[in-house]
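Student: First the structure, then my questions, so here it is.
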Protein chains: 4
Amino acid sequence: MNGKMKAVQITEPGKFQVASIDIPKPQHGEVLAEIKSVAICGSDPNILNGKVLKNGWPPYYPFVAGHEFAACVIELGEAVTTLKVGDRVAGEAHCGCGTCEMCMQGYYNLCLNYGNSTAGHHHYGHNTSGCYAQYQVYDQKALTLLPDNVSYDEGALVDTAGTAYNALKLTGVEPGGYTAVIGPGPMGLMSMALAKTMSSKTIVIGRRERLQVAKKLGADYIIDFEKVDDPVEEVRKLTDGLGAHQVIECAGNATAYFEAVQMTRKHGHVALISIPGGDGQEMALKSMIMNQITLHGVRANPNCSKSVLDLISQGGLDIKSLITHIYSIDKIHDAFDTFINRKDGAVKVIIHPND
Amino acid sequence: MNGKMKAVQITEPGKFQVASIDIPKPQHGEVLAEIKSVAICGSDPNILNGKVLKNGWPPYYPFVAGHEFAACVIELGEAVTTLKVGDRVAGEAHCGCGTCEMCMQGYYNLCLNYGNSTAGHHHYGHNTSGCYAQYQVYDQKALTLLPDNVSYDEGALVDTAGTAYNALKLTGVEPGGYTAVIGPGPMGLMSMALAKTMSSKTIVIGRRERLQVAKKLGADYIIDFEKVDDPVEEVRKLTDGLGAHQVIECAGNATAYFEAVQMTRKHGHVALISIPGGDGQEMALKSMIMNQITLHGVRANPNCSKSVLDLISQGGLDIKSLITHIYSIDKIHDAFDTFINRKDGAVKVIIHPND
Amino acid sequence: MNGKMKAVQITEPGKFQVASIDIPKPQHGEVLAEIKSVAICGSDPNILNGKVLKNGWPPYYPFVAGHEFAACVIELGEAVTTLKVGDRVAGEAHCGCGTCEMCMQGYYNLCLNYGNSTAGHHHYGHNTSGCYAQYQVYDQKALTLLPDNVSYDEGALVDTAGTAYNALKLTGVEPGGYTAVIGPGPMGLMSMALAKTMSSKTIVIGRRERLQVAKKLGADYIIDFEKVDDPVEEVRKLTDGLGAHQVIECAGNATAYFEAVQMTRKHGHVALISIPGGDGQEMALKSMIMNQITLHGVRANPNCSKSVLDLISQGGLDIKSLITHIYSIDKIHDAFDTFINRKDGAVKVIIHPND
Amino acid sequence: MNGKMKAVQITEPGKFQVASIDIPKPQHGEVLAEIKSVAICGSDPNILNGKVLKNGWPPYYPFVAGHEFAACVIELGEAVTTLKVGDRVAGEAHCGCGTCEMCMQGYYNLCLNYGNSTAGHHHYGHNTSGCYAQYQVYDQKALTLLPDNVSYDEGALVDTAGTAYNALKLTGVEPGGYTAVIGPGPMGLMSMALAKTMSSKTIVIGRRERLQVAKKLGADYIIDFEKVDDPVEEVRKLTDGLGAHQVIECAGNATAYFEAVQMTRKHGHVALISIPGGDGQEMALKSMIMNQITLHGVRANPNCSKSVLDLISQGGLDIKSLITHIYSIDKIHDAFDTFINRKDGAVKVIIHPND
């Protein structure tokens, strides 16, 4: 398909606007997709504002960001075998080269060719153009079919939900046990909702409105860390004095990292999802060793999309309750303003580039 | 057996001496053992000097410490079914209650009745009398039969070797891959030797004489951190730029904890064995998350003694090369002086209480 | 407590009756329990009828069988630390010696001292007296506290539910995936119900009334093998042509064993619960190898009771719907007649020895 | 490269000869490789003789078989990023599509597009042309770099060794434990040698010359099943009456399948490598369930080549001792005759297509 399309271009740190640019062409193994729904990720404001330039995000200006999306396939490049025109799909940010040692083992989120697009690696919306646009090209490996009864808006949340799912796969979930989640943002709320699908009791630690959202979405217990002396102690009280079996860290601050370990029981597991700014963070190492706790770094969502979509399709995971706002692409500044400042109880804010 | 025996009593922090005390009597499930060989553990000086009183070690004075030993069974208490008089055995420090949730699952090192001797828990030489004595009583669960061709002195090293073995079980070892060990003390040297039994290439990071010991005992590569700019970079150079598959931390200082993660490859594993003084330690958390690395807290050596003894018996693990000095119990002060000050290249220092 | 109690004694193969015998006395680590509820297990008729004598079940006559129960602790033997008088408990059939290699690792269902009661092993109702009685003595390790909101009748089903739970722990359950269960008896129905608590879609293969019970209890799909050409093909149709992720075999006949593997997808897992009469059974070995399928032998329910009880307590597992009949101990022959001949849609038949 | 090359063509079941055919051209992601060394696999005679036509091997005539090889890259197709001209490589038979669910998870041996070469799947020498030729084209994903000190002949054995390695990865290996291997053919011998690299004691069950080869290559114990009453009993005698921790089945006959389970200890693991002719095989199912044994179907060698090559390079695995004969391509009939009839103690027979 030839022609022009609307896309949100970042032109310098902190500046972005809707522009008219060429519709890209799919290469070997790629499809052209009409973007139906985009969800703003917590990392997007940092990419827009130049705060993660040291990671190579974005690698150049002008740049089109965005990586949480659902779309419709409208054109096939060469050698596309898993998709056809008309397919409704959910996307992932990470696309591995497919040939390195990590990709061959299924860890394409850890591709050894990270950043090397010639070798086939793409981190969409980070080092390769993303989905704040009417159309975009994607490697077939980054797309998963949407079940008929799953909407595009739900599909746009699968990248986030998949990361939460990966965290729970890594920690394991004991049915009948306790999962504590620190930080009731979108990632934390999805972690909580997913833990419940595996019959874990859930405890969410946070504050203010979002903690109430957690309660509304089904958290068994909530702990407002502004209202208690010691959240660790509160978790212990709820868990026979032993701590949670699994703790999912989604807050990304020093206290959260530290207390995540402290509220874990002996032989328990902690997943760390939030990426800190600097490498060095204080951890409760003595607690970790004395109690033989395992810590899992969580990078994105390899091979998680299908399971998450099946759960949504089967009615086991209510993901659409997280969507609070929907905007057209022309209202992109309003959308980001709403998301960043959590206006009107904003949780997940969606863009419809083609409305 | 009635009568008196020699034992090393700690009478107050920093003070200990050989005294004559009553030979203890075995209770239900216990045996009386004649202690043949004791190895000084790196934690023993801390117990002697009162540095770990906050952990309850020792719980009272006078106290008999010591927890790395091999012995001969000379008397049986009631209901002892796995041992008989004359059995040669190696000991473990941790004996779980046998009935709590953790013990029932095999994690007796994490017994929920820690410190409750009425419930059957013992941490020998820590909160229950230990082996710096001619005789001691032990629960049968804490003793493992020595194969005929394994000496008492080798048996006395099994508690340490078992902890290294537990670390490697937790990280997993990829044959043909790389295991980096930080800190070539006895624990690090055993970790290295055990990694070699699983066909991993080994890299030991340390300095001075002990690093040379590592080389002599078979380390494939050594890195003297005093002589290189950046040990992390050196490990990467040896591993195709990717880092080690497994890293075993046995140095217990801030730099070691931090660099352990940084020298681990994507999808790799780190075992933390050394227990820090305080809970808070700075860790390379961003590296850990971005590379989806797993950290394992290692607490002692549950169900490891038999495997370690089999390896020694089969000739696969040369453990006796770590023994540099042997003393009688009357020379206990000399023994500790040699061990603490690493005199004459001391690595493992052994006491023979009955010589 | 001294005195007499009612107990169901098997006096020879095929003969059993209620007799008055001495109330037993708890030994070291044991409690005396007042039996509140007993569930008839599918294996009980075989024990009564002498069909499993070669397994040593029962080891002598007269013998008291029965191993699925809930009870109230009324007297403590020596050294009981985890229970007190008045505690409401659910029981397990297997009690390991606690000191052998398997027990120490948490596999007390595989105790190396099987059958050696001197060493502390008991297989209640099999080689040690069981619960078809008003009172019985049990090792504290075989009892788990009932949450307040779980009834004795529910507690009596925990031994069966725990075995189903062990099967699912061994296979793993992929949320969003498919679990096929062959044989909708009590074990199969519990396997199905538990798979649902982990958000798996469930397919139950069976026939007649019990298949309808499966439907009523929430099975997503049922396949009546008498009404279709090929159950394997039917499973494939429901699973995108790929087969189920997990298959739980609970039927115990030659066709079931064979087809269990054939209806499993590539890289899938099969759990075999039903114990066949003879050792040799035909398996679909080529299918298993070509598709790299894993088969798990399932022996009982080590360390499963607490998780199952927590699930029931949290409302996640409706176990009481399986109970169709309740009898007093005096009606033991009616109870077995109802159970064996599946009268009035009998699924789980309960005895109340003290009513 | 244009021109003709020598290749062994199967023209009908049982008939094959050296012919001159066009050198193939590498497509997207493929390289042209000069074949340096080919090893005859036990399955090759079946492919030549039409015994596995029902599996689609070969899919047409004339066909070039062969799938165990090492080669030199001499030309690159488009988009080859992991290899360059001059690279020395070892090959694998299985090349997955790279985009299906199984491939994305790293199980490319279980590719859902098996047999669909348009989608990118190839099973070289089975449904796609193989290496009994001077040149062949290969997807880069099927090739692994040879370390400098590993010869082409050693590289040709990596496909077999990788399958044995996969088996041991699936069973796990306990250092200090026992690994029993049934069938001392090339696969069994490599399984034994690999188990030794992980410090397991090895027991090989077989007969005649090849059993002596096992002994010579380092088996700790050998059992000649023609000379003992009961091989299962013999294994138990060597393992404290408990059976082996891991059993690797490489014989492919009914007795071997059955006894593999019977000689496994409680909680042990069995790997089944040999593919039987028909699906139905009698297994010791009661033993498997009563002892909670796990059975692993083993299909080929996903992600094993690099580990095996590293082991060879590091001197940990002596693979070249298995090579007994080397032939030029013109002597292909002699080579097969030697291999099939085990002439002169033939174990691994090698072809050099370019000598």
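Each chain in the structure tokens gets a letter, A, B, ..., in the order shown, and its residues are numbered from 1; ligands are numbered from 1 in order too.
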Enumerate, in order of chain and increasing residue number, the residues of segment 7-96 of chain B with an atom no farther than 12 Å from segment 108-123 of chain B, each with its shortest atom pair and distance in Å to one decimal, counting only C-alpha atoms, as a tab-separated table.

Tutor:
```
residue	atom	partner	partner_atom	distance
B:Gln27	CA	B:Gly120	CA	10.7
B:His28	CA	B:Gly120	CA	9.9
B:Gly29	CA	B:Gly120	CA	9.8
B:Glu30	CA	B:Gly120	CA	10.6
B:Asn55	CA	B:Gly115	CA	10.2
B:Gly56	CA	B:Gly115	CA	8.6
B:Trp57	CA	B:His123	CA	9.5
B:Pro58	CA	B:His123	CA	10.4
B:Pro59	CA	B:Gly115	CA	9.4
B:Ala65	CA	B:His123	CA	10.3
B:Gly66	CA	B:His123	CA	10.3
B:His67	CA	B:His123	CA	8.4
B:Glu68	CA	B:His123	CA	11.6
B:Gly91	CA	B:His123	CA	11.5
B:Glu92	CA	B:His123	CA	8.8
B:Ala93	CA	B:His123	CA	5.4
B:His94	CA	B:His123	CA	4.8
B:Cys95	CA	B:His122	CA	5.1
B:Gly96	CA	B:Tyr108	CA	4.6
```

Student: Please save C-alpha atoms of the selected residues as a PDB file, in the first residue's frame.

Tutor:
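result_20.pdb, freshly written:
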```pdb
ATOM      1  CA  GLN B  27      17.263 -38.699  73.619  1.00  0.00           C
ATOM      2  CA  HIS B  28      14.514 -40.092  71.386  1.00  0.00           C
ATOM      3  CA  GLY B  29      15.889 -40.384  67.856  1.00  0.00           C
ATOM      4  CA  GLU B  30      19.387 -39.336  68.887  1.00  0.00           C
ATOM      5  CA  ASN B  55      21.136 -14.226  65.617  1.00  0.00           C
ATOM      6  CA  GLY B  56      21.056 -16.112  68.907  1.00  0.00           C
ATOM      7  CA  TRP B  57      24.488 -17.646  68.347  1.00  0.00           C
ATOM      8  CA  PRO B  58      25.338 -18.670  71.034  1.00  0.00           C
ATOM      9  CA  PRO B  59      22.075 -18.592  72.992  1.00  0.00           C
ATOM     10  CA  ALA B  65      30.282 -24.387  69.335  1.00  0.00           C
ATOM     11  CA  GLY B  66      31.368 -26.271  66.199  1.00  0.00           C
ATOM     12  CA  HIS B  67      29.266 -27.807  63.429  1.00  0.00           C
ATOM     13  CA  GLU B  68      31.519 -29.336  60.763  1.00  0.00           C
ATOM     14  CA  GLY B  91      27.329 -34.383  60.225  1.00  0.00           C
ATOM     15  CA  GLU B  92      25.229 -31.413  59.217  1.00  0.00           C
ATOM     16  CA  ALA B  93      24.628 -28.267  61.275  1.00  0.00           C
ATOM     17  CA  HIS B  94      20.908 -28.069  60.509  1.00  0.00           C
ATOM     18  CA  CYS B  95      18.417 -30.532  61.960  1.00  0.00           C
ATOM     19  CA  GLY B  96      14.767 -29.653  61.305  1.00  0.00           C
TER      20      GLY B  96
END
```

Student: Show me, as a list in words, the residues of chain A whose atoms get within 7 Å of chain C, using only C-alpha atoms for the distance check.

Tutor: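 Close enough to count are Pro175, Gly176, Thr197, Met198, Ser199, Ser307, Asp310, Leu311 and Gly316 of chain A.
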
Student: Counting only C-alpha atoms, what is within 7 Å of Ile222 of chain B, bar same-chain residues fewer than 2 positions away, as a list in words?

Tutor: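 Contacts, in chain order: Ile203, Val204, Ile205, Leu211, Lys215, Ala219, Asp220 and Asp224 of chain B.
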
Student: With all heavy atoms kept, could you save the residues just selected as an mmCIF file, in the first residue's frame?

Tutor:
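again-v4.cif, written as the output of this step:
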```cif
data_model
loop_
_atom_site.group_PDB
_atom_site.id
_atom_site.type_symbol
_atom_site.label_atom_id
_atom_site.label_comp_id
_atom_site.auth_asym_id
_atom_site.auth_seq_id
_atom_site.Cartn_x
_atom_site.Cartn_y
_atom_site.Cartn_z
ATOM 1 N N ILE B 203 35.934 -20.059 36.554
ATOM 2 C CA ILE B 203 36.683 -18.808 36.659
ATOM 3 C C ILE B 203 36.611 -18.388 38.121
ATOM 4 O O ILE B 203 35.520 -18.252 38.663
ATOM 5 C CB ILE B 203 36.039 -17.703 35.802
ATOM 6 C CG1 ILE B 203 35.905 -18.146 34.347
ATOM 7 C CG2 ILE B 203 36.815 -16.397 35.916
ATOM 8 C CD1 ILE B 203 35.012 -17.243 33.504
ATOM 9 N N VAL B 204 37.755 -18.234 38.754
ATOM 10 C CA VAL B 204 37.749 -17.827 40.160
ATOM 11 C C VAL B 204 38.302 -16.413 40.284
ATOM 12 O O VAL B 204 39.353 -16.102 39.734
ATOM 13 C CB VAL B 204 38.555 -18.809 41.041
ATOM 14 C CG1 VAL B 204 38.570 -18.336 42.488
ATOM 15 C CG2 VAL B 204 37.962 -20.207 40.939
ATOM 16 N N ILE B 205 37.566 -15.568 40.999
ATOM 17 C CA ILE B 205 37.971 -14.178 41.201
ATOM 18 C C ILE B 205 38.381 -13.998 42.665
ATOM 19 O O ILE B 205 37.604 -14.306 43.573
ATOM 20 C CB ILE B 205 36.821 -13.204 40.859
ATOM 21 C CG1 ILE B 205 36.418 -13.356 39.406
ATOM 22 C CG2 ILE B 205 37.225 -11.758 41.152
ATOM 23 C CD1 ILE B 205 35.224 -14.222 39.154
ATOM 24 N N LEU B 211 44.120 -17.358 45.697
ATOM 25 C CA LEU B 211 43.821 -17.442 44.275
ATOM 26 C C LEU B 211 44.748 -18.471 43.618
ATOM 27 O O LEU B 211 44.343 -19.201 42.711
ATOM 28 C CB LEU B 211 43.986 -16.063 43.633
ATOM 29 C CG LEU B 211 43.383 -15.885 42.249
ATOM 30 C CD1 LEU B 211 41.915 -16.234 42.235
ATOM 31 C CD2 LEU B 211 43.585 -14.445 41.782
ATOM 32 N N LYS B 215 43.980 -22.054 41.550
ATOM 33 C CA LYS B 215 44.645 -22.496 40.314
ATOM 34 C C LYS B 215 45.161 -23.922 40.488
ATOM 35 O O LYS B 215 44.970 -24.774 39.621
ATOM 36 C CB LYS B 215 45.799 -21.534 40.007
ATOM 37 C CG LYS B 215 46.458 -21.757 38.655
ATOM 38 C CD LYS B 215 45.584 -21.259 37.517
ATOM 39 C CE LYS B 215 46.081 -21.705 36.158
ATOM 40 N NZ LYS B 215 45.084 -21.488 35.110
ATOM 41 N N ALA B 219 41.162 -24.649 38.916
ATOM 42 C CA ALA B 219 40.402 -23.567 38.274
ATOM 43 C C ALA B 219 40.931 -23.354 36.857
ATOM 44 O O ALA B 219 42.141 -23.310 36.642
ATOM 45 C CB ALA B 219 40.531 -22.279 39.077
ATOM 46 N N ASP B 220 40.021 -23.222 35.895
ATOM 47 C CA ASP B 220 40.459 -23.025 34.513
ATOM 48 C C ASP B 220 41.041 -21.639 34.307
ATOM 49 O O ASP B 220 42.009 -21.464 33.583
ATOM 50 C CB ASP B 220 39.270 -23.255 33.573
ATOM 51 C CG ASP B 220 38.784 -24.687 33.623
ATOM 52 O OD1 ASP B 220 39.563 -25.569 33.207
ATOM 53 O OD2 ASP B 220 37.669 -24.942 34.102
ATOM 54 N N ASP B 224 42.791 -11.929 39.345
ATOM 55 C CA ASP B 224 43.211 -11.230 40.560
ATOM 56 C C ASP B 224 42.638 -9.827 40.494
ATOM 57 O O ASP B 224 43.090 -8.999 39.703
ATOM 58 C CB ASP B 224 44.745 -11.211 40.633
ATOM 59 C CG ASP B 224 45.230 -10.655 41.965
ATOM 60 O OD1 ASP B 224 44.544 -9.768 42.534
ATOM 61 O OD2 ASP B 224 46.289 -11.094 42.430
#
```

Student: Which neighbours of Arg207 of chain B fall inside 12 Å, counting only C-alpha atoms, when residues of the same chain fewer than 4 positions from it are skipped, and could you give them as a list of chain:residue names?

Tutor: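 Listing them by chain and then by number gives B:Ile182, B:Gly183, B:Pro184, B:Gly185, B:Leu211, B:Gln212, B:Val213, B:Ala214, B:Lys215, B:Ile222, B:Ile223, B:Asp224, B:Phe225, B:Glu226, B:Lys227, B:Val228, B:Pro231, B:Ala251.
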
Student: Can you spit out the residues from that selection as an mmCIF file, in the first residue's frame, using C-alpha atoms?

Tutor:
```
data_model
loop_
_atom_site.group_PDB
_atom_site.id
_atom_site.type_symbol
_atom_site.label_atom_id
_atom_site.label_comp_id
_atom_site.auth_asym_id
_atom_site.auth_seq_id
_atom_site.Cartn_x
_atom_site.Cartn_y
_atom_site.Cartn_z
ATOM 1 C CA ILE B 182 33.941 -14.930 43.686
ATOM 2 C CA GLY B 183 36.053 -15.516 46.777
ATOM 3 C CA PRO B 184 38.500 -18.449 46.891
ATOM 4 C CA GLY B 185 38.000 -19.330 50.549
ATOM 5 C CA LEU B 211 43.821 -17.442 44.275
ATOM 6 C CA GLN B 212 46.903 -19.549 43.616
ATOM 7 C CA VAL B 213 45.321 -22.359 45.612
ATOM 8 C CA ALA B 214 42.324 -22.143 43.277
ATOM 9 C CA LYS B 215 44.645 -22.496 40.314
ATOM 10 C CA ILE B 222 41.805 -17.004 37.774
ATOM 11 C CA ILE B 223 41.292 -13.243 37.978
ATOM 12 C CA ASP B 224 43.211 -11.230 40.560
ATOM 13 C CA PHE B 225 40.936 -8.283 41.211
ATOM 14 C CA GLU B 226 43.865 -6.272 42.529
ATOM 15 C CA LYS B 227 45.660 -6.574 39.235
ATOM 16 C CA VAL B 228 42.920 -5.879 36.707
ATOM 17 C CA PRO B 231 36.884 -8.086 37.007
ATOM 18 C CA ALA B 251 33.291 -13.336 49.304
#
```

Student: Can you tell me which residues surround Thr11 of chain C at a distance of at most 6 Å, considering only C-alpha atoms, apart from same-chain residues fewer than 5 positions away, and format the answer as an MDAnalysis selection string?

Tutor: chainID C and resid 16 61:62

Student: Those same residues - all heavy atoms - I'd like them written as a short mmCIF file (atom, residue, chain, number, x, y, z; two decimals), in the first residue's frame.

Tutor:
```
data_model
loop_
_atom_site.label_atom_id
_atom_site.label_comp_id
_atom_site.auth_asym_id
_atom_site.auth_seq_id
_atom_site.Cartn_x
_atom_site.Cartn_y
_atom_site.Cartn_z
N PHE C 16 -16.62 -58.57 56.41
CA PHE C 16 -16.33 -57.51 57.38
C PHE C 16 -17.59 -57.20 58.19
O PHE C 16 -18.70 -57.42 57.73
CB PHE C 16 -15.82 -56.25 56.67
CG PHE C 16 -16.78 -55.66 55.67
CD1 PHE C 16 -17.65 -54.63 56.02
CD2 PHE C 16 -16.82 -56.13 54.36
CE1 PHE C 16 -18.52 -54.08 55.10
CE2 PHE C 16 -17.70 -55.59 53.42
CZ PHE C 16 -18.55 -54.56 53.79
N TYR C 61 -5.38 -60.47 59.55
CA TYR C 61 -6.80 -60.41 59.91
C TYR C 61 -6.95 -60.66 61.41
O TYR C 61 -6.15 -61.42 61.96
CB TYR C 61 -7.59 -61.48 59.13
CG TYR C 61 -7.64 -61.24 57.65
CD1 TYR C 61 -6.80 -61.94 56.78
CD2 TYR C 61 -8.53 -60.30 57.11
CE1 TYR C 61 -6.83 -61.71 55.42
CE2 TYR C 61 -8.57 -60.08 55.73
CZ TYR C 61 -7.71 -60.79 54.89
OH TYR C 61 -7.75 -60.55 53.54
N PRO C 62 -7.92 -60.11 62.08
CA PRO C 62 -8.84 -59.09 61.58
C PRO C 62 -8.11 -57.75 61.38
O PRO C 62 -7.15 -57.45 62.12
CB PRO C 62 -9.89 -58.97 62.68
CG PRO C 62 -9.19 -59.42 63.92
CD PRO C 62 -8.18 -60.44 63.50
#
```

Student: Find the residues around Cys250 of chain B up to 7 Å (only C-alpha atoms counted), leave out those fewer than 2 positions away in its own chain, and share them as number ranges by chain.

Tutor: B: 182-183, 187-188, 248, 252, 273-274

Student: Store the residues picked out above, limited to C-alpha atoms, as an mmCIF file, in the first residue's frame.

Tutor:
```
data_model
loop_
_atom_site.group_PDB
_atom_site.id
_atom_site.type_symbol
_atom_site.label_atom_id
_atom_site.label_comp_id
_atom_site.auth_asym_id
_atom_site.auth_seq_id
_atom_site.Cartn_x
_atom_site.Cartn_y
_atom_site.Cartn_z
ATOM 1 C CA ILE B 182 33.941 -14.930 43.686
ATOM 2 C CA GLY B 183 36.053 -15.516 46.777
ATOM 3 C CA MET B 187 33.424 -22.366 50.237
ATOM 4 C CA GLY B 188 34.536 -20.843 46.961
ATOM 5 C CA ILE B 248 28.648 -18.236 42.985
ATOM 6 C CA GLY B 252 30.657 -11.483 51.283
ATOM 7 C CA ILE B 273 26.134 -17.918 49.907
ATOM 8 C CA SER B 274 27.941 -15.384 52.134
#
```

Student: Please indicate the distance in Å from atom CA of Glu34 of chain C to atom CA of Pro13 of chain C, rounded to one decimal place.

Tutor: 27.1 Å
